[in-house]
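Asks: Data file target_32.pdb (PDB, C-alpha atoms) is appended below.
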MODEL        1
ATOM      1  CA  MET T   1       0.000   0.000   0.000
ATOM      2  CA  ALA T   2       2.835   2.330  -0.786
ATOM      3  CA  GLY T   3       1.855   5.898  -1.610
ATOM      4  CA  THR T   4      -1.583   7.191  -2.496
ATOM      5  CA  ALA T   5      -1.847   6.246  -6.160
ATOM      6  CA  ARG T   6      -3.203   2.704  -5.747
ATOM      7  CA  ALA T   7      -6.606   1.933  -4.284
ATOM      8  CA  SER T   8      -6.665  -0.724  -1.568
ATOM      9  CA  THR T   9      -8.995  -2.789   0.567
ATOM     10  CA  VAL T  10      -9.248  -1.461   4.119
ATOM     11  CA  ALA T  11     -10.963  -3.330   6.950
ATOM     12  CA  VAL T  12     -12.417  -1.151   9.724
ATOM     13  CA  THR T  13     -13.598  -1.969  13.241
ATOM     14  CA  GLY T  14     -15.846   0.549  14.973
ATOM     15  CA  ALA T  15     -17.101   1.666  11.564
ATOM     16  CA  SER T  16     -20.415   2.897  12.997
ATOM     17  CA  GLY T  17     -18.803   5.059  15.696
ATOM     18  CA  LEU T  18     -18.084   8.787  15.582
ATOM     19  CA  VAL T  19     -14.756   8.464  13.774
ATOM     20  CA  GLY T  20     -15.574   5.344  11.788
ATOM     21  CA  SER T  21     -18.774   6.775  10.349
ATOM     22  CA  ALA T  22     -16.736   9.670   8.943
ATOM     23  CA  LEU T  23     -13.796   7.518   7.855
ATOM     24  CA  VAL T  24     -15.702   4.919   5.814
ATOM     25  CA  PRO T  25     -17.259   7.331   3.275
ATOM     26  CA  ALA T  26     -13.963   9.239   3.039
ATOM     27  CA  LEU T  27     -12.142   6.036   2.111
ATOM     28  CA  THR T  28     -14.750   4.885  -0.397
ATOM     29  CA  SER T  29     -14.882   8.329  -2.029
ATOM     30  CA  THR T  30     -11.149   8.094  -2.753
ATOM     31  CA  GLY T  31     -11.483   4.692  -4.418
ATOM     32  CA  HIS T  32     -10.747   2.334  -1.544
ATOM     33  CA  ARG T  33     -12.877  -0.727  -0.847
ATOM     34  CA  VAL T  34     -14.001  -0.879   2.789
ATOM     35  CA  LEU T  35     -14.673  -4.103   4.678
ATOM     36  CA  ARG T  36     -16.520  -3.576   7.949
ATOM     37  CA  LEU T  37     -15.597  -5.897  10.811
ATOM     38  CA  VAL T  38     -18.815  -6.369  12.786
ATOM     39  CA  ARG T  39     -19.435  -8.200  16.018
ATOM     40  CA  GLY T  40     -21.409 -11.417  16.080
ATOM     41  CA  ALA T  41     -24.716 -11.239  14.236
ATOM     42  CA  GLY T  42     -25.068  -7.501  14.779
ATOM     43  CA  GLY T  43     -24.101  -4.528  12.684
ATOM     44  CA  ALA T  44     -26.296  -5.342   9.677
ATOM     45  CA  PRO T  45     -24.734  -3.648   6.654
ATOM     46  CA  ALA T  46     -26.393  -1.891   3.777
ATOM     47  CA  ALA T  47     -27.292  -4.073   0.810
ATOM     48  CA  GLY T  48     -24.165  -5.317  -0.917
ATOM     49  CA  GLU T  49     -21.800  -3.809   1.656
ATOM     50  CA  PRO T  50     -18.918  -6.205   2.435
ATOM     51  CA  ILE T  51     -18.580  -7.326   6.061
ATOM     52  CA  ALA T  52     -16.640  -9.846   8.091
ATOM     53  CA  ARG T  53     -17.528 -11.180  11.527
ATOM     54  CA  TRP T  54     -15.240 -10.937  14.517
ATOM     55  CA  ASP T  55     -15.621 -11.593  18.227
ATOM     56  CA  PRO T  56     -13.567  -9.226  20.422
ATOM     57  CA  GLU T  57     -14.047 -11.479  23.455
ATOM     58  CA  SER T  58     -12.701 -14.653  21.882
ATOM     59  CA  GLY T  59     -10.593 -13.221  19.081
ATOM     60  CA  ALA T  60     -12.471 -15.270  16.483
ATOM     61  CA  LEU T  61     -12.054 -13.670  13.089
ATOM     62  CA  GLU T  62     -13.607 -14.582   9.744
ATOM     63  CA  ALA T  63     -10.240 -15.132   8.136
ATOM     64  CA  SER T  64     -11.566 -16.017   4.676
ATOM     65  CA  ALA T  65     -13.232 -12.600   4.387
ATOM     66  CA  LEU T  66      -9.893 -10.878   5.057
ATOM     67  CA  ALA T  67      -8.184 -12.417   2.055
ATOM     68  CA  GLY T  68      -6.803  -9.556  -0.012
ATOM     69  CA  VAL T  69      -7.185  -6.949   2.744
ATOM     70  CA  ASP T  70      -4.301  -4.474   2.549
ATOM     71  CA  ALA T  71      -4.871  -2.566   5.787
ATOM     72  CA  LEU T  72      -6.945  -2.551   8.943
ATOM     73  CA  VAL T  73      -8.094   0.456  10.983
ATOM     74  CA  HIS T  74      -9.036  -0.546  14.532
ATOM     75  CA  LEU T  75     -11.349   1.995  16.191
ATOM     76  CA  ALA T  76     -13.689  -0.162  18.303
ATOM     77  CA  GLY T  77     -13.830   0.175  22.081
ATOM     78  CA  GLU T  78     -16.015   1.033  25.070
ATOM     79  CA  SER T  79     -16.590   4.780  25.439
ATOM     80  CA  VAL T  80     -14.553   6.389  28.212
ATOM     81  CA  ALA T  81     -16.748   9.510  28.277
ATOM     82  CA  SER T  82     -20.178   8.015  28.970
ATOM     83  CA  GLY T  83     -21.212   6.932  32.442
ATOM     84  CA  ARG T  84     -19.277   7.044  35.709
ATOM     85  CA  TRP T  85     -16.145   4.972  35.986
ATOM     86  CA  THR T  86     -17.426   2.225  38.219
ATOM     87  CA  GLU T  87     -15.178  -0.787  38.637
ATOM     88  CA  SER T  88     -17.264  -2.715  36.093
ATOM     89  CA  LYS T  89     -17.088   0.205  33.640
ATOM     90  CA  LYS T  90     -13.307   0.346  33.985
ATOM     91  CA  ARG T  91     -13.084  -3.408  33.363
ATOM     92  CA  ARG T  92     -15.117  -2.980  30.159
ATOM     93  CA  ILE T  93     -12.923  -0.080  29.028
ATOM     94  CA  ARG T  94      -9.739  -2.064  29.600
ATOM     95  CA  SER T  95     -11.046  -5.300  28.084
ATOM     96  CA  SER T  96     -12.532  -3.645  24.985
ATOM     97  CA  ARG T  97      -9.243  -1.908  24.249
ATOM     98  CA  VAL T  98      -6.421  -4.031  25.613
ATOM     99  CA  ASP T  99      -7.756  -7.578  25.418
ATOM    100  CA  ALA T 100      -9.701  -7.113  22.181
ATOM    101  CA  THR T 101      -6.740  -5.416  20.486
ATOM    102  CA  ARG T 102      -4.357  -8.174  21.564
ATOM    103  CA  ARG T 103      -6.706 -10.836  20.189
ATOM    104  CA  LEU T 104      -7.212  -8.936  16.947
ATOM    105  CA  ALA T 105      -3.468  -8.381  16.464
ATOM    106  CA  GLY T 106      -2.841 -12.058  17.130
ATOM    107  CA  ALA T 107      -5.508 -13.109  14.650
ATOM    108  CA  LEU T 108      -4.008 -10.831  11.979
ATOM    109  CA  ALA T 109      -0.542 -12.238  12.629
ATOM    110  CA  ARG T 110      -1.819 -15.773  12.023
ATOM    111  CA  LEU T 111      -3.349 -14.979   8.631
ATOM    112  CA  GLU T 112      -1.681 -16.622   5.645
ATOM    113  CA  ARG T 113      -1.525 -13.181   4.023
ATOM    114  CA  PRO T 114      -1.738 -10.545   6.769
ATOM    115  CA  PRO T 115      -2.474  -6.899   5.942
ATOM    116  CA  ARG T 116       0.533  -4.665   5.373
ATOM    117  CA  VAL T 117      -0.539  -2.020   7.904
ATOM    118  CA  LEU T 118      -2.569  -1.813  11.098
ATOM    119  CA  VAL T 119      -3.667   1.654  12.226
ATOM    120  CA  THR T 120      -5.074   1.498  15.726
ATOM    121  CA  ALA T 121      -6.619   4.119  17.966
ATOM    122  CA  SER T 122      -4.947   5.161  21.183
ATOM    123  CA  ALA T 123      -5.390   8.469  23.029
ATOM    124  CA  VAL T 124      -3.500  11.432  24.438
ATOM    125  CA  GLY T 125      -4.579  10.029  27.795
ATOM    126  CA  TYR T 126      -1.301   8.091  27.434
ATOM    127  CA  TYR T 127       0.521  11.164  28.778
ATOM    128  CA  GLY T 128      -1.615  11.634  31.892
ATOM    129  CA  ASP T 129      -1.804  15.009  33.652
ATOM    130  CA  ARG T 130       1.375  16.883  32.652
ATOM    131  CA  GLY T 131       0.688  20.577  33.224
ATOM    132  CA  SER T 132       2.253  22.799  30.540
ATOM    133  CA  GLU T 133       4.970  20.314  29.486
ATOM    134  CA  LEU T 134       5.170  20.057  25.687
ATOM    135  CA  LEU T 135       4.576  16.407  24.823
ATOM    136  CA  ARG T 136       5.868  14.604  21.744
ATOM    137  CA  GLU T 137       5.645  10.943  20.788
ATOM    138  CA  GLU T 138       8.880  10.097  22.589
ATOM    139  CA  SER T 139       7.668  11.658  25.872
ATOM    140  CA  ALA T 140       7.308   9.291  28.810
ATOM    141  CA  PRO T 141       3.861   7.920  29.683
ATOM    142  CA  GLY T 142       1.914   9.443  32.528
ATOM    143  CA  ALA T 143       0.141   8.042  35.567
ATOM    144  CA  GLY T 144      -3.493   7.164  36.158
ATOM    145  CA  PHE T 145      -6.110   4.747  34.855
ATOM    146  CA  LEU T 146      -6.289   6.168  31.315
ATOM    147  CA  ALA T 147      -2.515   6.345  30.951
ATOM    148  CA  GLU T 148      -2.209   2.749  32.100
ATOM    149  CA  VAL T 149      -4.919   1.588  29.690
ATOM    150  CA  CYS T 150      -3.280   3.457  26.799
ATOM    151  CA  ARG T 151       0.131   1.902  27.526
ATOM    152  CA  GLU T 152      -1.371  -1.583  27.571
ATOM    153  CA  TRP T 153      -3.589  -0.789  24.568
ATOM    154  CA  GLU T 154      -0.573   0.164  22.455
ATOM    155  CA  ALA T 155       1.466  -2.796  23.697
ATOM    156  CA  ALA T 156      -1.392  -5.109  22.677
ATOM    157  CA  THR T 157      -0.549  -4.496  19.008
ATOM    158  CA  GLU T 158       2.854  -6.196  19.364
ATOM    159  CA  PRO T 159       1.756  -9.567  17.880
ATOM    160  CA  ALA T 160       0.984  -7.750  14.627
ATOM    161  CA  ALA T 161       4.283  -5.842  14.665
ATOM    162  CA  HIS T 162       6.223  -9.051  15.307
ATOM    163  CA  ALA T 163       4.532 -10.592  12.249
ATOM    164  CA  GLY T 164       5.943  -7.803  10.073
ATOM    165  CA  ILE T 165       2.809  -5.687   9.891
ATOM    166  CA  ARG T 166       3.512  -1.928   9.962
ATOM    167  CA  VAL T 167       1.683  -0.702  13.059
ATOM    168  CA  VAL T 168       0.693   2.936  13.626
ATOM    169  CA  ARG T 169      -0.742   3.830  17.032
ATOM    170  CA  LEU T 170      -2.687   7.094  16.816
ATOM    171  CA  ARG T 171      -2.816   9.007  20.108
ATOM    172  CA  ILE T 172      -6.008  10.896  19.402
ATOM    173  CA  GLY T 173      -6.968  14.146  21.111
ATOM    174  CA  MET T 174     -10.463  15.597  21.544
ATOM    175  CA  ALA T 175     -12.124  14.995  18.174
ATOM    176  CA  LEU T 176     -14.387  17.936  17.371
ATOM    177  CA  SER T 177     -17.774  16.919  15.968
ATOM    178  CA  ARG T 178     -21.254  18.325  16.457
ATOM    179  CA  ARG T 179     -22.581  14.763  16.125
ATOM    180  CA  GLY T 180     -20.882  13.273  19.168
ATOM    181  CA  GLY T 181     -18.048  13.348  21.648
ATOM    182  CA  ALA T 182     -17.074  16.194  23.944
ATOM    183  CA  LEU T 183     -18.108  19.043  21.640
ATOM    184  CA  ALA T 184     -21.626  17.689  21.167
ATOM    185  CA  THR T 185     -21.981  17.412  24.957
ATOM    186  CA  MET T 186     -20.853  21.028  25.404
ATOM    187  CA  LEU T 187     -23.163  22.561  22.826
ATOM    188  CA  THR T 188     -26.431  22.626  24.802
ATOM    189  CA  PRO T 189     -25.134  24.373  27.946
ATOM    190  CA  PHE T 190     -23.092  26.825  25.865
ATOM    191  CA  ARG T 191     -26.067  27.650  23.638
ATOM    192  CA  LEU T 192     -28.075  28.312  26.790
ATOM    193  CA  GLY T 193     -25.400  30.707  28.035
ATOM    194  CA  ALA T 194     -24.464  28.315  30.831
ATOM    195  CA  GLY T 195     -21.055  27.285  29.531
ATOM    196  CA  GLY T 196     -17.628  28.086  30.854
ATOM    197  CA  PRO T 197     -14.264  26.603  31.798
ATOM    198  CA  VAL T 198     -13.915  23.520  33.961
ATOM    199  CA  GLY T 199     -11.986  23.878  37.183
ATOM    200  CA  GLY T 200      -9.365  26.614  36.999
ATOM    201  CA  GLY T 201      -9.371  26.475  33.197
ATOM    202  CA  ALA T 202      -5.558  26.462  32.933
ATOM    203  CA  GLN T 203      -5.339  22.804  31.887
ATOM    204  CA  TRP T 204      -4.276  22.194  28.289
ATOM    205  CA  VAL T 205      -6.641  20.542  25.829
ATOM    206  CA  SER T 206      -5.253  18.801  22.750
ATOM    207  CA  TRP T 207      -7.929  18.634  20.058
ATOM    208  CA  ILE T 208      -8.336  17.811  16.370
ATOM    209  CA  ALA T 209     -11.048  18.569  13.810
ATOM    210  CA  LEU T 210     -12.845  15.383  12.791
ATOM    211  CA  ASP T 211     -12.036  16.090   9.127
ATOM    212  CA  ASP T 212      -8.340  16.302   9.951
ATOM    213  CA  LEU T 213      -8.489  13.131  12.047
ATOM    214  CA  VAL T 214      -9.948  11.222   9.105
ATOM    215  CA  ARG T 215      -7.203  12.645   6.876
ATOM    216  CA  ALA T 216      -4.571  11.698   9.479
ATOM    217  CA  ILE T 217      -5.804   8.103   9.418
ATOM    218  CA  HIS T 218      -5.557   8.070   5.627
ATOM    219  CA  HIS T 219      -2.069   9.576   5.909
ATOM    220  CA  ALA T 220      -1.072   6.795   8.317
ATOM    221  CA  LEU T 221      -2.417   4.175   5.919
ATOM    222  CA  THR T 222      -0.502   5.499   2.938
ATOM    223  CA  THR T 223       2.780   6.736   4.449
ATOM    224  CA  ASP T 224       5.137   3.779   4.613
ATOM    225  CA  THR T 225       7.669   5.599   6.797
ATOM    226  CA  LEU T 226       5.137   6.222   9.550
ATOM    227  CA  VAL T 227       5.292   3.619  12.300
ATOM    228  CA  GLY T 228       4.711   3.456  16.048
ATOM    229  CA  PRO T 229       3.038   6.182  18.129
ATOM    230  CA  VAL T 230       1.678   9.208  16.283
ATOM    231  CA  ASN T 231       0.011  12.165  17.995
ATOM    232  CA  ALA T 232      -3.269  12.833  16.154
ATOM    233  CA  VAL T 233      -3.834  16.376  17.422
ATOM    234  CA  ALA T 234      -3.949  19.857  15.892
ATOM    235  CA  PRO T 235      -0.735  21.911  16.098
ATOM    236  CA  GLU T 236      -2.253  24.536  18.417
ATOM    237  CA  PRO T 237      -3.529  23.076  21.712
ATOM    238  CA  VAL T 238      -5.477  25.474  23.912
ATOM    239  CA  THR T 239      -6.211  25.875  27.582
ATOM    240  CA  ASN T 240      -9.640  24.818  28.800
ATOM    241  CA  ARG T 241     -10.394  28.492  29.465
ATOM    242  CA  GLU T 242      -9.525  29.367  25.856
ATOM    243  CA  LEU T 243     -11.627  26.468  24.597
ATOM    244  CA  ALA T 244     -14.658  27.796  26.497
ATOM    245  CA  ARG T 245     -14.054  31.375  25.389
ATOM    246  CA  THR T 246     -13.651  30.380  21.715
ATOM    247  CA  LEU T 247     -16.731  28.154  21.660
ATOM    248  CA  GLY T 248     -18.768  30.939  23.263
ATOM    249  CA  ARG T 249     -17.533  33.422  20.666
ATOM    250  CA  VAL T 250     -18.374  31.092  17.769
ATOM    251  CA  LEU T 251     -21.857  30.490  19.155
ATOM    252  CA  GLY T 252     -22.355  34.160  20.034
ATOM    253  CA  ARG T 253     -23.026  33.283  23.667
ATOM    254  CA  PRO T 254     -21.286  34.171  26.951
ATOM    255  CA  ALA T 255     -18.965  31.561  28.436
ATOM    256  CA  LEU T 256     -18.660  32.871  31.962
ATOM    257  CA  LEU T 257     -20.100  30.121  34.157
ATOM    258  CA  PRO T 258     -17.253  27.857  35.285
ATOM    259  CA  LEU T 259     -17.804  24.306  36.497
ATOM    260  CA  PRO T 260     -15.781  24.126  39.723
ATOM    261  CA  ALA T 261     -13.469  21.163  40.047
ATOM    262  CA  VAL T 262     -15.277  19.965  43.164
ATOM    263  CA  ALA T 263     -18.592  19.944  41.287
ATOM    264  CA  ALA T 264     -17.043  18.075  38.353
ATOM    265  CA  ARG T 265     -15.708  15.442  40.746
ATOM    266  CA  LEU T 266     -19.080  15.101  42.447
ATOM    267  CA  LEU T 267     -20.765  14.622  39.070
ATOM    268  CA  LEU T 268     -18.217  12.345  37.405
ATOM    269  CA  GLY T 269     -15.824  11.040  40.014
ATOM    270  CA  GLN T 270     -12.450   9.797  38.712
ATOM    271  CA  MET T 271     -13.466  10.574  35.135
ATOM    272  CA  ALA T 272     -13.455  14.300  35.962
ATOM    273  CA  ASP T 273      -9.829  14.204  37.113
ATOM    274  CA  GLU T 274      -8.563  12.260  34.091
ATOM    275  CA  LEU T 275     -10.744  13.660  31.296
ATOM    276  CA  LEU T 276     -11.747  17.199  32.283
ATOM    277  CA  LEU T 277      -9.147  18.408  34.757
ATOM    278  CA  ALA T 278      -6.010  16.717  33.419
ATOM    279  CA  SER T 279      -3.647  18.792  31.278
ATOM    280  CA  ALA T 280      -1.958  17.449  28.129
ATOM    281  CA  ARG T 281      -0.194  19.877  25.777
ATOM    282  CA  VAL T 282       0.537  17.563  22.870
ATOM    283  CA  GLU T 283       2.393  18.295  19.619
ATOM    284  CA  PRO T 284       1.786  16.373  16.326
ATOM    285  CA  ALA T 285       5.515  16.049  15.657
ATOM    286  CA  ARG T 286       5.477  12.887  13.547
ATOM    287  CA  LEU T 287       2.489  13.912  11.433
ATOM    288  CA  ARG T 288       4.199  17.171  10.506
ATOM    289  CA  ALA T 289       7.581  15.481   9.966
ATOM    290  CA  THR T 290       5.972  13.193   7.361
ATOM    291  CA  GLY T 291       4.375  16.044   5.429
ATOM    292  CA  PHE T 292       0.846  16.088   6.838
ATOM    293  CA  THR T 293      -0.893  19.475   6.619
ATOM    294  CA  PHE T 294      -3.887  20.501   8.695
ATOM    295  CA  ARG T 295      -6.951  22.047   7.092
ATOM    296  CA  HIS T 296      -8.091  23.357  10.483
ATOM    297  CA  ALA T 297      -5.008  24.307  12.473
ATOM    298  CA  THR T 298      -6.724  26.781  14.831
ATOM    299  CA  LEU T 299      -9.564  26.038  17.200
ATOM    300  CA  GLU T 300     -11.817  28.850  16.001
ATOM    301  CA  ASP T 301     -11.486  27.766  12.371
ATOM    302  CA  ALA T 302     -12.235  24.143  13.317
ATOM    303  CA  LEU T 303     -15.301  25.110  15.363
ATOM    304  CA  ARG T 304     -16.672  27.434  12.696
ATOM    305  CA  HIS T 305     -16.254  24.735  10.080
ATOM    306  CA  GLU T 306     -17.873  22.047  12.217
ATOM    307  CA  LEU T 307     -20.752  24.213  13.411
ATOM    308  CA  GLY T 308     -21.345  26.054  10.153
ATOM    309  CA  ARG T 309     -20.697  29.440  11.787
TER
ENDMDL
END
For this file, write the structure as structure tokens.
Replies:
Amino acid sequence: MAGTARASTVAVTGASGLVGSALVPALTSTGHRVLRLVRGAGGAPAAGEPIARWDPESGALEASALAGVDALVHLAGESVASGRWTESKKRRIRSSRVDATRRLAGALARLERPPRVLVTASAVGYYGDRGSELLREESAPGAGFLAEVCREWEAATEPAAHAGIRVVRLRIGMALSRRGGALATMLTPFRLGAGGPVGGGAQWVSWIALDDLVRAIHHALTTDTLVGPVNAVAPEPVTNRELARTLGRVLGRPALLPLPAVAARLLLGQMADELLLASARVEPARLRATGFTFRHATLEDALRHELGR
């Protein structure tokens, strides 16, 4: 799958999720054939749409359907941003990322003709809460539940790498979409004039426009020199206070009502500390070094594009 000139067959897990539902049409519109990996008997495709069955819990994979697949994009996993992090929720998060990825990577490694590249989701949660430290791919991992999961999640791809598959681990920041994720959750309170920073607002937020994330995945698929961890974030991270101020300006609403840290912790528990109050100032060093250009490099441009403002 060298370069961008030749169309390829790309298998995708999590194809119906926020990122996958944007990625699949982008791939097909550029001439690629997409094979959805769906769980069990679920995920009924549109008429004539190619699918293969896989079981994340057992690792069972419909190997015959993967014949001729050039690449696989692995996006499936339990949401970290919905529901409190009870012990059972944390077990589901870990299992759906670490265990399922390890089984999938092992199944790919055992194929007679494995794909040439595996692009798998990870997250900037890998770095933990790091204040204003500028973080690149070679930076040390952080502490906490999310950082631990991300370390194990990335390590779970090793069976594929050992089989000679080029593995790219995308550490994805806050993906901006009005259809889901953090931005969609913020829109209602901000439109009502009840939005504002979380906690002190000084924590850094590393974000990426959904369009650019889809393009970064395509870049990872088609750039043979790209391997290992890759920060999938825009080049200009912002503080949480700046995020609130910019979203308010784009919506034409005030953004003056902060959510105190103590209230966030009461509402969300551990999730508040690791998702809302943690600070990660992340740089997309490897994307830029391999020639990737961002269509939406500034937060205001990304928000105006996404929200049609």
Asks: Interatomic distance between CA of Ala52 in chain T and CA of His219 in chain T?
Replies: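 Computed distance, CA of Ala52 in chain T to CA of His219 in chain T, equals 24.4 Å.
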Asks: On this structure, which residues satisfy the PyMOL selection byres ((chain T and resi 206) around 9), written as a list in words?
Replies: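 For this structure, the PyMOL selection byres ((chain T and resi 206) around 9) resolves to Val124, Ile172, Gly173, Met174, Trp204, Val205, Trp207, Ile208, Val233, Ala234, Pro235, Glu236, Pro237, Val238, Thr239, Ser279, Ala280, Arg281, Val282 and Glu283 of chain T.
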Asks: What does the distance from CA of Pro189 in chain T to CA of Val19 in chain T come to in Å, to one decimal?
Replies: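 CA of Val19 in chain T lies at a distance of 23.7 Å from CA of Pro189 in chain T.
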Asks: List the neighbours of Ala220 in chain T out to 9 Å using only C-alpha atoms; skip same-chain residues closer than 5 positions along the sequence, and give me the result as a ChimeraX atom specification.
Replies: /T:117,119,168,170,215,225-227,230,287
Asks: Nearest to Glu158 in chain T among T:Gly14, T:Gly106, T:Gly20, T:Gly68, with distances taken over only C-alpha atoms: which residue is it?
Replies: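 Answer, going by the shortest atom-to-atom distance: T:Gly106.
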Asks: If I take CA of Lys89 in chain T and CA of Ala160 in chain T, how far is one from the other in Å, to one decimal?
Replies: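 Separating CA of Lys89 in chain T from CA of Ala160 in chain T is a distance of 27.4 Å.
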Asks: I'd like the contact shell of Leu35 in chain T - 9 Å cut-off, all atoms listed in the file, skipping same-chain residues fewer than 5 positions apart - returned as a PDB file with C-alpha atoms, keeping the file's coordinate frame.
Replies:
ATOM      1  CA  THR T   9      -8.995  -2.789   0.567  1.00  0.00           C
ATOM      2  CA  VAL T  10      -9.248  -1.461   4.119  1.00  0.00           C
ATOM      3  CA  ALA T  11     -10.963  -3.330   6.950  1.00  0.00           C
ATOM      4  CA  VAL T  12     -12.417  -1.151   9.724  1.00  0.00           C
ATOM      5  CA  THR T  13     -13.598  -1.969  13.241  1.00  0.00           C
ATOM      6  CA  GLU T  49     -21.800  -3.809   1.656  1.00  0.00           C
ATOM      7  CA  PRO T  50     -18.918  -6.205   2.435  1.00  0.00           C
ATOM      8  CA  ILE T  51     -18.580  -7.326   6.061  1.00  0.00           C
ATOM      9  CA  ALA T  52     -16.640  -9.846   8.091  1.00  0.00           C
ATOM     10  CA  ALA T  65     -13.232 -12.600   4.387  1.00  0.00           C
ATOM     11  CA  LEU T  66      -9.893 -10.878   5.057  1.00  0.00           C
ATOM     12  CA  VAL T  69      -7.185  -6.949   2.744  1.00  0.00           C
ATOM     13  CA  LEU T  72      -6.945  -2.551   8.943  1.00  0.00           C
TER      14      LEU T  72
END
Asks: Check which residues satisfy the PyMOL selection byres ((chain T and resi 165) around 8) in the file shown, then give them as a PyMOL selection string.
Replies: chain T and resi 109+114-118+160-164+166-167
Asks: Give the answer as one residue: which of T:Ala155, T:Ala232, T:Val198, T:Ala67 has the shortest atom-to-atom distance to Ala264 in chain T, using all atoms listed in the file?
Replies: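 Among T:Ala155, T:Ala232, T:Val198, T:Ala67, it is T:Val198 that comes nearest to Ala264 in chain T.
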Asks: Would you kindly place N, CA and C atoms on range 58-75 of chain T and return the model as a CSV table (one decimal), in the frame of the given file?
Replies:
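Final output, part_14.csv:
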chain,number,residue,atom,x,y,z
T,58,SER,N,-13.4,-13.4,22.1
T,58,SER,CA,-12.7,-14.7,21.9
T,58,SER,C,-11.5,-14.5,20.9
T,59,GLY,N,-11.6,-13.4,20.1
T,59,GLY,CA,-10.6,-13.2,19.1
T,59,GLY,C,-10.9,-13.9,17.8
T,60,ALA,N,-12.1,-14.6,17.7
T,60,ALA,CA,-12.5,-15.3,16.5
T,60,ALA,C,-12.6,-14.3,15.4
T,61,LEU,N,-12.1,-14.6,14.2
T,61,LEU,CA,-12.1,-13.7,13.1
T,61,LEU,C,-12.4,-14.5,11.8
T,62,GLU,N,-13.2,-13.9,11.0
T,62,GLU,CA,-13.6,-14.6,9.7
T,62,GLU,C,-12.5,-14.4,8.7
T,63,ALA,N,-11.5,-15.3,8.9
T,63,ALA,CA,-10.2,-15.1,8.1
T,63,ALA,C,-10.5,-15.1,6.6
T,64,SER,N,-11.4,-15.9,6.1
T,64,SER,CA,-11.6,-16.0,4.7
T,64,SER,C,-12.0,-14.7,4.1
T,65,ALA,N,-12.8,-13.9,4.9
T,65,ALA,CA,-13.2,-12.6,4.4
T,65,ALA,C,-12.1,-11.6,4.3
T,66,LEU,N,-11.0,-11.8,5.0
T,66,LEU,CA,-9.9,-10.9,5.1
T,66,LEU,C,-8.9,-11.1,4.0
T,67,ALA,N,-9.1,-12.1,3.2
T,67,ALA,CA,-8.2,-12.4,2.1
T,67,ALA,C,-8.1,-11.2,1.1
T,68,GLY,N,-6.9,-10.7,0.9
T,68,GLY,CA,-6.8,-9.6,0.0
T,68,GLY,C,-6.9,-8.2,0.7
T,69,VAL,N,-7.1,-8.2,2.0
T,69,VAL,CA,-7.2,-6.9,2.7
T,69,VAL,C,-5.8,-6.4,2.9
T,70,ASP,N,-5.6,-5.1,2.5
T,70,ASP,CA,-4.3,-4.5,2.5
T,70,ASP,C,-4.0,-3.8,3.9
T,71,ALA,N,-5.1,-3.4,4.6
T,71,ALA,CA,-4.9,-2.6,5.8
T,71,ALA,C,-6.1,-2.8,6.7
T,72,LEU,N,-5.8,-2.5,8.0
T,72,LEU,CA,-6.9,-2.6,8.9
T,72,LEU,C,-6.9,-1.3,9.9
T,73,VAL,N,-8.0,-0.7,10.1
T,73,VAL,CA,-8.1,0.5,11.0
T,73,VAL,C,-8.9,0.0,12.2
T,74,HIS,N,-8.4,0.0,13.3
T,74,HIS,CA,-9.0,-0.5,14.5
T,74,HIS,C,-9.5,0.6,15.4
T,75,LEU,N,-10.8,0.9,15.4
T,75,LEU,CA,-11.3,2.0,16.2
T,75,LEU,C,-12.3,1.6,17.3
